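Peer 1: Coordinates in entry_25.csv, CSV, C-alpha atoms and all ligand atoms, are listed below.
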```
chain,number,residue,atom,x,y,z
U,1,MET,CA,-13.9,-3.2,196.1
U,2,ASN,CA,-15.0,-0.6,193.4
U,3,LEU,CA,-12.2,1.9,194.0
U,4,ALA,CA,-13.7,4.5,191.6
U,5,GLU,CA,-17.0,4.5,193.5
U,6,LEU,CA,-15.4,4.7,196.9
U,7,ASN,CA,-13.2,7.6,195.7
U,8,ARG,CA,-16.4,9.3,194.4
U,9,VAL,CA,-18.0,9.0,197.9
U,10,ALA,CA,-14.8,10.2,199.6
U,11,GLU,CA,-14.6,13.3,197.3
U,12,ALA,CA,-18.3,14.0,197.9
U,13,MET,CA,-17.7,14.0,201.7
U,14,VAL,CA,-15.1,16.7,201.4
U,15,ALA,CA,-16.8,18.7,198.5
U,16,PRO,CA,-15.9,22.4,198.4
U,17,GLY,CA,-17.6,24.3,201.2
U,18,ARG,CA,-19.2,21.2,202.7
U,19,GLY,CA,-18.3,19.1,205.8
U,20,ILE,CA,-19.6,16.4,208.0
U,21,LEU,CA,-22.0,16.5,211.0
U,22,ALA,CA,-20.8,14.1,213.7
U,23,ALA,CA,-24.2,13.1,215.3
U,24,ASP,CA,-23.0,9.7,216.5
U,25,GLU,CA,-22.9,10.2,220.2
U,26,SER,CA,-23.3,7.0,222.1
U,27,SER,CA,-26.3,6.7,224.4
U,28,ALA,CA,-24.1,7.6,227.4
U,29,THR,CA,-22.7,10.7,225.7
U,30,ILE,CA,-26.0,12.0,224.4
U,31,LYS,CA,-27.4,11.6,227.9
U,32,LYS,CA,-24.6,13.8,229.2
U,33,ARG,CA,-25.4,16.4,226.6
U,34,PHE,CA,-29.1,16.3,227.3
U,35,ASP,CA,-28.5,16.5,231.1
U,36,ALA,CA,-26.6,19.8,230.5
U,37,ILE,CA,-29.7,21.3,228.8
U,38,GLY,CA,-32.3,19.8,231.1
U,39,ALA,CA,-33.7,17.4,228.6
U,40,GLU,CA,-34.5,13.7,229.3
U,41,SER,CA,-32.7,11.2,227.2
U,42,THR,CA,-35.6,9.1,225.9
U,43,ASP,CA,-35.8,7.4,222.5
U,44,ASN,CA,-38.3,10.0,221.3
U,45,ASN,CA,-36.3,13.0,222.6
U,46,ARG,CA,-33.1,11.6,220.9
U,47,ARG,CA,-35.2,11.1,217.7
U,48,ASP,CA,-36.8,14.6,217.9
U,49,TYR,CA,-33.5,16.3,218.4
U,50,ARG,CA,-31.7,14.5,215.6
U,51,GLU,CA,-34.7,15.0,213.3
U,52,LEU,CA,-34.4,18.8,214.1
U,53,LEU,CA,-30.9,18.7,212.7
U,54,PHE,CA,-31.5,16.5,209.7
U,55,ARG,CA,-34.6,18.6,208.7
U,56,SER,CA,-32.6,21.8,208.7
U,57,THR,CA,-33.0,21.7,205.0
U,58,GLU,CA,-30.9,24.6,203.9
U,59,ALA,CA,-27.9,23.6,206.1
U,60,MET,CA,-28.1,20.0,205.1
U,61,SER,CA,-28.4,20.6,201.4
U,62,LYS,CA,-25.7,23.3,201.1
U,63,TYR,CA,-23.2,22.8,203.9
U,64,ILE,CA,-23.4,19.2,205.3
U,65,SER,CA,-22.0,16.6,203.0
U,66,GLY,CA,-22.6,13.7,205.3
U,67,VAL,CA,-23.9,12.7,208.8
U,68,ILE,CA,-22.3,10.2,211.1
U,69,LEU,CA,-25.0,8.2,212.8
U,70,TYR,CA,-25.1,6.0,215.9
U,71,ASP,CA,-26.5,2.5,215.7
U,72,GLU,CA,-29.8,3.6,217.2
U,73,THR,CA,-30.3,6.5,214.8
U,74,ILE,CA,-29.6,4.6,211.6
U,75,ARG,CA,-32.6,2.3,212.5
U,76,GLN,CA,-34.9,5.1,213.7
U,77,ASN,CA,-37.9,6.7,211.8
U,78,ALA,CA,-38.8,10.4,211.9
U,79,LYS,CA,-42.0,11.4,213.6
U,80,ASP,CA,-44.0,11.0,210.3
U,81,GLY,CA,-42.6,7.4,209.8
U,82,THR,CA,-39.9,8.3,207.3
U,83,PRO,CA,-36.6,6.6,208.1
U,84,LEU,CA,-34.1,9.2,209.3
U,85,VAL,CA,-31.6,7.8,206.7
U,86,LYS,CA,-34.1,8.9,204.0
U,87,VAL,CA,-34.5,12.3,205.5
U,88,ILE,CA,-30.8,12.8,205.3
U,89,GLU,CA,-30.6,11.4,201.7
U,90,ARG,CA,-33.5,13.6,200.5
U,91,ALA,CA,-31.7,16.7,201.9
U,92,GLY,CA,-28.8,15.8,199.6
U,93,SER,CA,-26.4,14.5,202.3
U,94,LEU,CA,-24.8,11.1,202.8
U,95,PRO,CA,-25.6,8.8,205.8
U,96,GLY,CA,-22.6,7.3,207.6
U,97,ILE,CA,-22.2,5.2,210.7
U,98,LYS,CA,-20.0,4.9,213.8
U,99,VAL,CA,-18.8,1.3,213.9
U,100,ASP,CA,-16.3,1.2,216.8
U,101,LYS,CA,-17.3,0.0,220.2
U,102,GLY,CA,-15.5,2.7,222.1
U,103,PRO,CA,-12.2,2.9,224.0
U,104,LYS,CA,-11.4,0.3,226.6
U,105,PRO,CA,-8.4,0.1,229.0
U,106,LEU,CA,-5.2,-1.1,227.2
U,107,PRO,CA,-3.6,-4.0,229.1
U,108,PHE,CA,-0.2,-3.1,230.7
U,109,CYS,CA,-0.5,0.6,229.7
U,110,PRO,CA,-2.0,2.5,232.7
U,111,ASN,CA,-4.2,5.4,231.7
U,112,GLU,CA,-4.2,4.4,228.0
U,113,VAL,CA,-7.0,3.0,225.9
U,114,ILE,CA,-7.5,0.8,222.8
U,115,THR,CA,-10.6,1.1,220.6
U,116,GLU,CA,-12.5,-2.1,220.4
U,117,GLY,CA,-15.0,-3.4,217.8
U,118,LEU,CA,-13.2,-5.5,215.3
U,119,ASP,CA,-15.0,-8.7,216.2
U,120,GLY,CA,-18.0,-9.2,213.9
U,121,LEU,CA,-17.2,-6.0,212.1
U,122,ARG,CA,-17.5,-7.4,208.5
U,123,GLU,CA,-21.1,-8.6,209.3
U,124,ARG,CA,-22.0,-5.3,210.9
U,125,LEU,CA,-20.7,-3.4,207.8
U,126,VAL,CA,-22.8,-5.5,205.5
U,127,GLU,CA,-25.9,-4.8,207.6
U,128,TYR,CA,-25.1,-1.0,207.8
U,129,ARG,CA,-24.5,-0.9,204.0
U,130,GLY,CA,-28.0,-2.4,203.6
U,131,LEU,CA,-29.4,0.3,205.9
U,132,GLY,CA,-27.9,3.0,203.6
U,133,ALA,CA,-24.5,3.8,205.1
U,134,LYS,CA,-22.0,5.1,202.6
U,135,PHE,CA,-19.2,5.7,205.0
U,136,ALA,CA,-18.1,4.7,208.5
U,137,LYS,CA,-16.1,6.1,211.4
U,138,TRP,CA,-13.7,4.5,213.9
U,139,ARG,CA,-12.1,6.7,216.6
U,140,ALA,CA,-8.8,5.9,218.2
U,141,VAL,CA,-7.9,7.9,221.4
U,142,ILE,CA,-4.4,8.9,222.3
U,143,ASP,CA,-3.9,10.8,225.6
U,144,ILE,CA,-1.0,13.0,226.5
U,145,GLY,CA,0.3,12.9,230.2
U,146,ALA,CA,3.1,11.8,232.4
U,147,GLY,CA,4.9,9.0,230.4
U,148,ILE,CA,2.2,8.7,227.8
U,149,PRO,CA,1.4,8.2,225.0
U,150,THR,CA,3.4,5.0,224.8
U,151,GLN,CA,4.6,3.2,221.7
U,152,THR,CA,2.3,0.3,222.6
U,153,CYS,CA,-0.7,2.5,222.6
U,154,ILE,CA,0.0,4.3,219.4
U,155,ASN,CA,1.0,1.1,217.5
U,156,THR,CA,-2.0,-1.0,218.7
U,157,ASN,CA,-4.5,1.8,217.9
U,158,ALA,CA,-2.9,2.4,214.5
U,159,HIS,CA,-3.1,-1.3,213.7
U,160,ALA,CA,-6.8,-1.5,214.7
U,161,LEU,CA,-7.6,1.6,212.7
U,162,ALA,CA,-6.1,0.1,209.6
U,163,ARG,CA,-7.8,-3.3,210.1
U,164,TYR,CA,-11.1,-1.4,210.3
U,165,ALA,CA,-10.3,0.7,207.2
U,166,ALA,CA,-9.4,-2.3,205.1
U,167,LEU,CA,-12.6,-4.1,206.1
U,168,CYS,CA,-14.7,-1.1,205.3
U,169,GLN,CA,-13.2,-0.8,201.8
U,170,ASP,CA,-13.6,-4.5,201.2
U,171,GLU,CA,-17.3,-4.1,202.0
U,172,GLY,CA,-17.8,-1.0,199.8
U,173,ILE,CA,-17.8,1.6,202.6
U,174,VAL,CA,-15.5,4.6,202.8
U,175,PRO,CA,-13.7,4.6,206.2
U,176,ILE,CA,-13.2,7.8,208.2
U,177,VAL,CA,-9.9,7.2,209.9
U,178,GLU,CA,-9.9,9.1,213.2
U,179,PRO,CA,-6.8,9.1,215.4
U,180,GLU,CA,-7.6,11.7,218.0
U,181,VAL,CA,-4.8,13.1,220.2
U,182,LEU,CA,-6.8,14.5,223.1
U,183,MET,CA,-6.6,18.2,224.2
U,184,ASP,CA,-7.6,17.4,227.8
U,185,GLY,CA,-4.2,17.8,229.5
U,186,ASP,CA,-1.9,20.6,230.5
U,187,HIS,CA,0.6,20.0,227.7
U,188,ASP,CA,1.8,22.8,225.4
U,189,ILE,CA,1.2,23.0,221.6
U,190,ASP,CA,4.6,21.5,220.8
U,191,ARG,CA,3.9,18.3,222.8
U,192,CYS,CA,0.6,18.0,220.9
U,193,TYR,CA,2.6,18.4,217.7
U,194,ILE,CA,5.0,15.5,218.6
U,195,ALA,CA,2.2,13.2,219.7
U,196,THR,CA,0.2,14.0,216.6
U,197,GLU,CA,3.2,13.4,214.2
U,198,TRP,CA,4.1,10.1,215.9
U,199,THR,CA,0.4,8.9,215.7
U,200,LEU,CA,-0.1,9.9,212.0
U,201,LYS,CA,3.2,8.4,210.9
U,202,ARG,CA,2.2,5.0,212.5
U,203,VAL,CA,-1.4,5.2,211.1
U,204,PHE,CA,-0.2,5.7,207.5
U,205,GLU,CA,2.4,3.0,207.9
U,206,GLN,CA,-0.4,0.6,209.0
U,207,LEU,CA,-2.7,1.7,206.3
U,208,TYR,CA,0.1,0.9,203.8
U,209,ASP,CA,0.9,-2.4,205.4
U,210,GLN,CA,-2.8,-3.4,205.3
U,211,ARG,CA,-3.3,-2.3,201.6
U,212,VAL,CA,-5.8,0.4,202.3
U,213,ALA,CA,-6.5,2.6,199.3
U,214,LEU,CA,-5.7,6.1,200.4
U,215,GLU,CA,-7.9,7.5,197.6
U,216,ALA,CA,-10.9,6.1,199.4
U,217,ILE,CA,-10.5,7.3,203.0
U,218,VAL,CA,-11.2,10.5,204.8
U,219,LEU,CA,-8.7,11.4,207.6
U,220,LYS,CA,-10.3,12.9,210.7
U,221,PRO,CA,-7.4,14.2,212.9
U,222,ASN,CA,-7.2,16.6,215.8
U,223,MET,CA,-5.7,20.0,215.2
U,224,VAL,CA,-2.4,20.8,216.8
U,225,VAL,CA,-3.4,22.9,219.8
U,226,ALA,CA,-2.3,23.4,223.4
U,227,GLY,CA,-4.0,21.2,226.1
U,228,LYS,CA,-7.1,22.8,227.7
U,229,LYS,CA,-5.3,23.1,231.1
U,230,CYS,CA,-2.1,24.6,229.6
U,231,GLY,CA,-1.4,28.2,230.8
U,232,LYS,CA,0.2,29.2,227.5
U,233,ARG,CA,-2.4,29.6,224.8
U,234,ALA,CA,-1.3,29.4,221.2
U,235,THR,CA,-2.7,31.9,218.7
U,236,VAL,CA,-5.0,30.9,215.9
U,237,GLU,CA,-2.1,31.5,213.4
U,238,GLU,CA,0.3,29.3,215.4
U,239,ALA,CA,-2.2,26.4,215.7
U,240,ALA,CA,-3.0,26.7,211.9
U,241,GLU,CA,0.7,26.7,210.9
U,242,LYS,CA,1.6,23.8,213.2
U,243,THR,CA,-1.4,21.7,212.1
U,244,LEU,CA,-0.5,22.2,208.5
U,245,LYS,CA,3.1,21.5,209.1
U,246,VAL,CA,2.3,18.1,210.7
U,247,LEU,CA,-0.2,17.2,208.1
U,248,LYS,CA,2.2,18.0,205.2
U,249,ALA,CA,4.8,15.8,206.9
U,250,CYS,CA,2.5,12.8,207.4
U,251,VAL,CA,-0.5,12.7,205.0
U,252,PRO,CA,0.1,11.6,201.4
U,253,ALA,CA,-1.5,13.7,198.7
U,254,ALA,CA,-3.5,10.7,197.5
U,255,VAL,CA,-5.9,11.2,200.4
U,256,PRO,CA,-8.9,13.2,199.1
U,257,GLY,CA,-9.6,15.2,202.2
U,258,ILE,CA,-9.1,15.9,205.9
U,259,ALA,CA,-12.1,16.6,208.1
U,260,PHE,CA,-11.1,17.7,211.5
U,261,LEU,CA,-12.8,16.8,214.8
U,262,SER,CA,-13.4,19.8,217.2
U,263,GLY,CA,-12.3,17.9,220.3
U,264,GLY,CA,-13.5,20.4,222.9
U,265,GLN,CA,-12.5,23.7,221.2
U,266,SER,CA,-15.1,26.4,221.5
U,267,ASP,CA,-17.4,26.8,218.5
U,268,GLU,CA,-15.7,29.9,217.3
U,269,GLU,CA,-12.1,28.5,217.8
U,270,ALA,CA,-12.9,25.4,215.8
U,271,THR,CA,-14.2,27.7,213.0
U,272,ALA,CA,-11.3,30.2,213.2
U,273,HIS,CA,-8.6,27.5,213.0
U,274,LEU,CA,-10.2,25.8,210.0
U,275,ASP,CA,-10.5,29.1,208.3
U,276,ALA,CA,-6.9,30.1,209.0
U,277,MET,CA,-5.6,26.9,207.5
U,278,ASN,CA,-7.7,27.3,204.3
U,279,ARG,CA,-6.5,30.9,204.0
U,280,ILE,CA,-2.9,29.7,203.9
U,281,GLY,CA,-4.0,27.2,201.2
U,282,GLY,CA,-1.9,25.5,198.5
U,283,LEU,CA,-2.7,22.1,200.0
U,284,PRO,CA,-2.9,18.7,198.2
U,285,TRP,CA,-6.1,17.7,200.1
U,286,LYS,CA,-9.4,19.4,201.0
U,287,LEU,CA,-9.6,20.6,204.5
U,288,THR,CA,-13.0,20.7,206.2
U,289,PHE,CA,-14.9,19.9,209.3
U,290,SER,CA,-16.4,16.8,210.9
U,291,TYR,CA,-17.5,18.4,214.1
U,292,GLY,CA,-19.7,17.1,216.8
U,293,ARG,CA,-19.7,19.5,219.7
U,294,ALA,CA,-18.7,22.6,217.6
U,295,LEU,CA,-21.8,22.1,215.4
U,296,GLN,CA,-24.2,20.9,218.0
U,297,ALA,CA,-23.6,22.9,221.3
U,298,ALA,CA,-25.5,25.9,220.0
U,299,PRO,CA,-28.6,24.1,218.6
U,300,GLN,CA,-28.7,21.9,221.8
U,301,GLN,CA,-28.8,25.0,223.9
U,302,ALA,CA,-31.4,26.7,221.8
U,303,TRP,CA,-33.6,23.6,221.7
U,304,SER,CA,-33.3,22.6,225.3
U,305,GLY,CA,-35.7,19.7,224.8
U,306,LYS,CA,-38.8,21.8,224.0
U,307,ALA,CA,-40.8,21.3,220.8
U,308,GLU,CA,-41.6,25.0,220.5
U,309,ASN,CA,-37.8,25.7,220.3
U,310,VAL,CA,-37.3,23.5,217.2
U,311,PRO,CA,-37.1,26.6,214.8
U,312,ALA,CA,-34.5,28.3,217.2
U,313,GLY,CA,-32.5,25.1,217.3
U,314,GLN,CA,-32.5,24.8,213.5
U,315,LYS,CA,-31.5,28.5,213.2
U,316,ALA,CA,-28.5,27.9,215.5
U,317,PHE,CA,-27.5,24.8,213.7
U,318,SER,CA,-27.8,26.5,210.3
U,319,HIS,CA,-25.6,29.3,211.5
U,320,ARG,CA,-22.8,27.1,212.7
U,321,ALA,CA,-23.0,25.0,209.5
U,322,LEU,CA,-22.7,28.2,207.4
U,323,MET,CA,-19.8,29.6,209.5
U,324,ASN,CA,-17.9,26.3,209.1
U,325,SER,CA,-18.7,26.1,205.4
U,326,LEU,CA,-17.2,29.5,205.0
U,327,ALA,CA,-14.2,28.4,207.0
U,328,ALA,CA,-13.8,25.4,204.7
U,329,ARG,CA,-13.4,27.9,201.9
U,330,GLY,CA,-11.2,30.3,203.9
U,331,GLN,CA,-13.9,32.9,203.7
U,332,TRP,CA,-15.1,33.2,207.3
U,333,LYS,CA,-14.9,36.5,209.2
U,334,ALA,CA,-15.3,36.9,213.0
U,335,ASP,CA,-17.8,39.7,212.6
U,336,LEU,CA,-20.2,37.3,210.8
U,337,GLU,CA,-20.6,35.7,214.2
U,338,LYS,CA,-21.7,38.9,215.9
U,339,LYS,CA,-24.2,39.7,213.1
U,340,ALA,CA,-26.1,36.5,213.9
U,341,ALA,CA,-26.2,37.1,217.7
L,401,LIG,P1,-16.1,16.5,218.4
L,401,LIG,O1,-16.1,17.4,217.2
L,401,LIG,O2,-17.1,16.9,219.4
L,401,LIG,O3,-14.7,16.2,218.9
L,401,LIG,O4,-16.7,15.1,217.8
L,401,LIG,C1,-16.3,14.6,216.7
L,401,LIG,C2,-16.3,13.2,216.7
L,401,LIG,O5,-16.9,12.5,215.9
L,401,LIG,C3,-15.5,12.5,217.7
L,401,LIG,O6,-15.4,11.1,217.4
```
Rewrite the structure of this file - the entire thing - as structure tokens.

Peer 2:
Amino acid sequence: MNLAELNRVAEAMVAPGRGILAADESSATIKKRFDAIGAESTDNNRRDYRELLFRSTEAMSKYISGVILYDETIRQNAKDGTPLVKVIERAGSLPGIKVDKGPKPLPFCPNEVITEGLDGLRERLVEYRGLGAKFAKWRAVIDIGAGIPTQTCINTNAHALARYAALCQDEGIVPIVEPEVLMDGDHDIDRCYIATEWTLKRVFEQLYDQRVALEAIVLKPNMVVAGKKCGKRATVEEAAEKTLKVLKACVPAAVPGIAFLSGGQSDEEATAHLDAMNRIGGLPWKLTFSYGRALQAAPQQAWSGKAENVPAGQKAFSHRALMNSLAARGQWKADLEKKAA
């Protein structure tokens, strides 16, 4: 492992005013997204849509530090035959790859899941590195509900995340470490805080036990928010304060940056929360975005599977990328959203 080189990549992923585009939806997930906009999920449509994003040159060169790809996309060529990986690199962004095989039922823990994909991982990392991947992603999923999360679920997922991270670094790839506490339930913000703290404590314990270099990871956590079905909404300020409090309690300063997932927040909520945290400031790590839905919902809607809508899709994507870039600097304002509408 060349730690200096891995640290350089991790720092580039969280460079000031830049964040990550999570475009690594599995075939099943992208089909769901395409169904919602009336587009058919064919190889060519998936290629055309992702090419639309990666050829949004201004957004990619100024605001998007890296793109998380799915296995299909890292092997795909643009319409003119250029590998999509090259399109991303030429725009000045880093290609990355999702390497987990998704959450599966966790034995003896009803309603809980364990992320699989460790078998053969070293060989897949070698191949992905050859295809141009500079970083990888593995997502662990922790749900909140009656009697869950359990210690078993948190510990097994933290262990798997650290095994993945160690393998990545050993093969010269920066791991994005993503423990996601879901916001699907009816729990309040304080329950999210407790589950997030518990999860992050165990994740960093496992990273330490498995000798992972914290200087060469990017953490991708959830924000501390109330569940979607909770009647009591938290304010932007409360979510920002509680998220920073848990991160300060759990994330060592050696970590270069934290790039949040959006997790089902609205586009504007995800931006407002990131902005509020960066306005508070005084933090040992960079705080930025690694959004999937909160960067892509608007361009998907604008594109709707039609070639003539590519410019509209690119405009919508560039707008969200700019808004989140401003939020990563603590310089976003709500009226900038209205101006674009
Ligand atoms: P969302 O921002 O839509 O949560 O996706 C980010 C991601 O990469 C989830 O693994």

Peer 1: Residues at most 8 Å from ligand LIG 401 (chain L), using all atoms listed in the file? Could they come as number ranges by chain?

Peer 2: U: 22-25, 68, 137-139, 178, 180, 260-264, 290-295

Peer 1: With distances taken over all atoms listed in the file, which residue among U:Pro284, U:Leu182, U:Ala59, U:Lys315 lies nearest Pro299 of chain U?

Peer 2: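 Answer, going by the shortest atom-to-atom distance: U:Lys315.
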
Peer 1: Hey, can you check how far atom CA of Gly330 of chain U sits from atom CA of Ala276 of chain U?

Peer 2: 6.7 Å

Peer 1: Which of these residues is nearest to Gly66 of chain U, using only C-alpha atoms: U:Ile30, U:Glu51, U:Val14, U:Asn44?

Peer 2: U:Val14

Peer 1: Which is closest to Asp43 of chain U among U:Lys248, U:Lys62, U:Lys229, U:Lys79, if we use all atoms listed in the file?

Peer 2: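 Selected residue with least distance to Asp43 of chain U: U:Lys79.
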
Peer 1: Quick one: residues within 12 Å of Ala195 of chain U, all atoms listed in the file counted, chain neighbours fewer than 5 positions away excluded, as a PDB file with C-alpha atoms, keeping the file's coordinate frame?

Peer 2:
```
ATOM      1  CA  VAL U 141      -7.900   7.900 221.400  1.00  0.00           C
ATOM      2  CA  ILE U 142      -4.400   8.900 222.300  1.00  0.00           C
ATOM      3  CA  ASP U 143      -3.900  10.800 225.600  1.00  0.00           C
ATOM      4  CA  ILE U 144      -1.000  13.000 226.500  1.00  0.00           C
ATOM      5  CA  GLY U 145       0.300  12.900 230.200  1.00  0.00           C
ATOM      6  CA  GLY U 147       4.900   9.000 230.400  1.00  0.00           C
ATOM      7  CA  ILE U 148       2.200   8.700 227.800  1.00  0.00           C
ATOM      8  CA  PRO U 149       1.400   8.200 225.000  1.00  0.00           C
ATOM      9  CA  THR U 150       3.400   5.000 224.800  1.00  0.00           C
ATOM     10  CA  GLN U 151       4.600   3.200 221.700  1.00  0.00           C
ATOM     11  CA  CYS U 153      -0.700   2.500 222.600  1.00  0.00           C
ATOM     12  CA  ILE U 154       0.000   4.300 219.400  1.00  0.00           C
ATOM     13  CA  PRO U 179      -6.800   9.100 215.400  1.00  0.00           C
ATOM     14  CA  GLU U 180      -7.600  11.700 218.000  1.00  0.00           C
ATOM     15  CA  VAL U 181      -4.800  13.100 220.200  1.00  0.00           C
ATOM     16  CA  LEU U 182      -6.800  14.500 223.100  1.00  0.00           C
ATOM     17  CA  MET U 183      -6.600  18.200 224.200  1.00  0.00           C
ATOM     18  CA  HIS U 187       0.600  20.000 227.700  1.00  0.00           C
ATOM     19  CA  ASP U 188       1.800  22.800 225.400  1.00  0.00           C
ATOM     20  CA  ILE U 189       1.200  23.000 221.600  1.00  0.00           C
ATOM     21  CA  ASP U 190       4.600  21.500 220.800  1.00  0.00           C
ATOM     22  CA  LEU U 200      -0.100   9.900 212.000  1.00  0.00           C
ATOM     23  CA  LYS U 201       3.200   8.400 210.900  1.00  0.00           C
ATOM     24  CA  ARG U 202       2.200   5.000 212.500  1.00  0.00           C
ATOM     25  CA  PRO U 221      -7.400  14.200 212.900  1.00  0.00           C
ATOM     26  CA  ASN U 222      -7.200  16.600 215.800  1.00  0.00           C
ATOM     27  CA  MET U 223      -5.700  20.000 215.200  1.00  0.00           C
ATOM     28  CA  VAL U 224      -2.400  20.800 216.800  1.00  0.00           C
ATOM     29  CA  VAL U 225      -3.400  22.900 219.800  1.00  0.00           C
ATOM     30  CA  ALA U 226      -2.300  23.400 223.400  1.00  0.00           C
ATOM     31  CA  GLY U 227      -4.000  21.200 226.100  1.00  0.00           C
ATOM     32  CA  THR U 243      -1.400  21.700 212.100  1.00  0.00           C
ATOM     33  CA  VAL U 246       2.300  18.100 210.700  1.00  0.00           C
TER      34      VAL U 246
END
```

Peer 1: Neighbours of Met60 of chain U within 8 Å (only C-alpha atoms; same-chain residues fewer than 5 positions away dropped), as a VMD selection string?

Peer 2: chain U and resid 54 to 55 65 88 91 to 93

Peer 1: Arg33 of chain U: which residues within 12 Å, counting all atoms listed in the file, same-chain residues fewer than 4 positions away excluded, as a ChimeraX atom specification?

Peer 2: /U:23,25-29,37-41,46,49,292-293,296-301,303-305

Peer 1: Suppose you want the space between atom CA of Thr196 of chain U and atom CA of Leu283 of chain U; what is it in Å?

Peer 2: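 Taking atom CA of Thr196 of chain U as the start and atom CA of Leu283 of chain U as the end point, the length is 18.7 Å.
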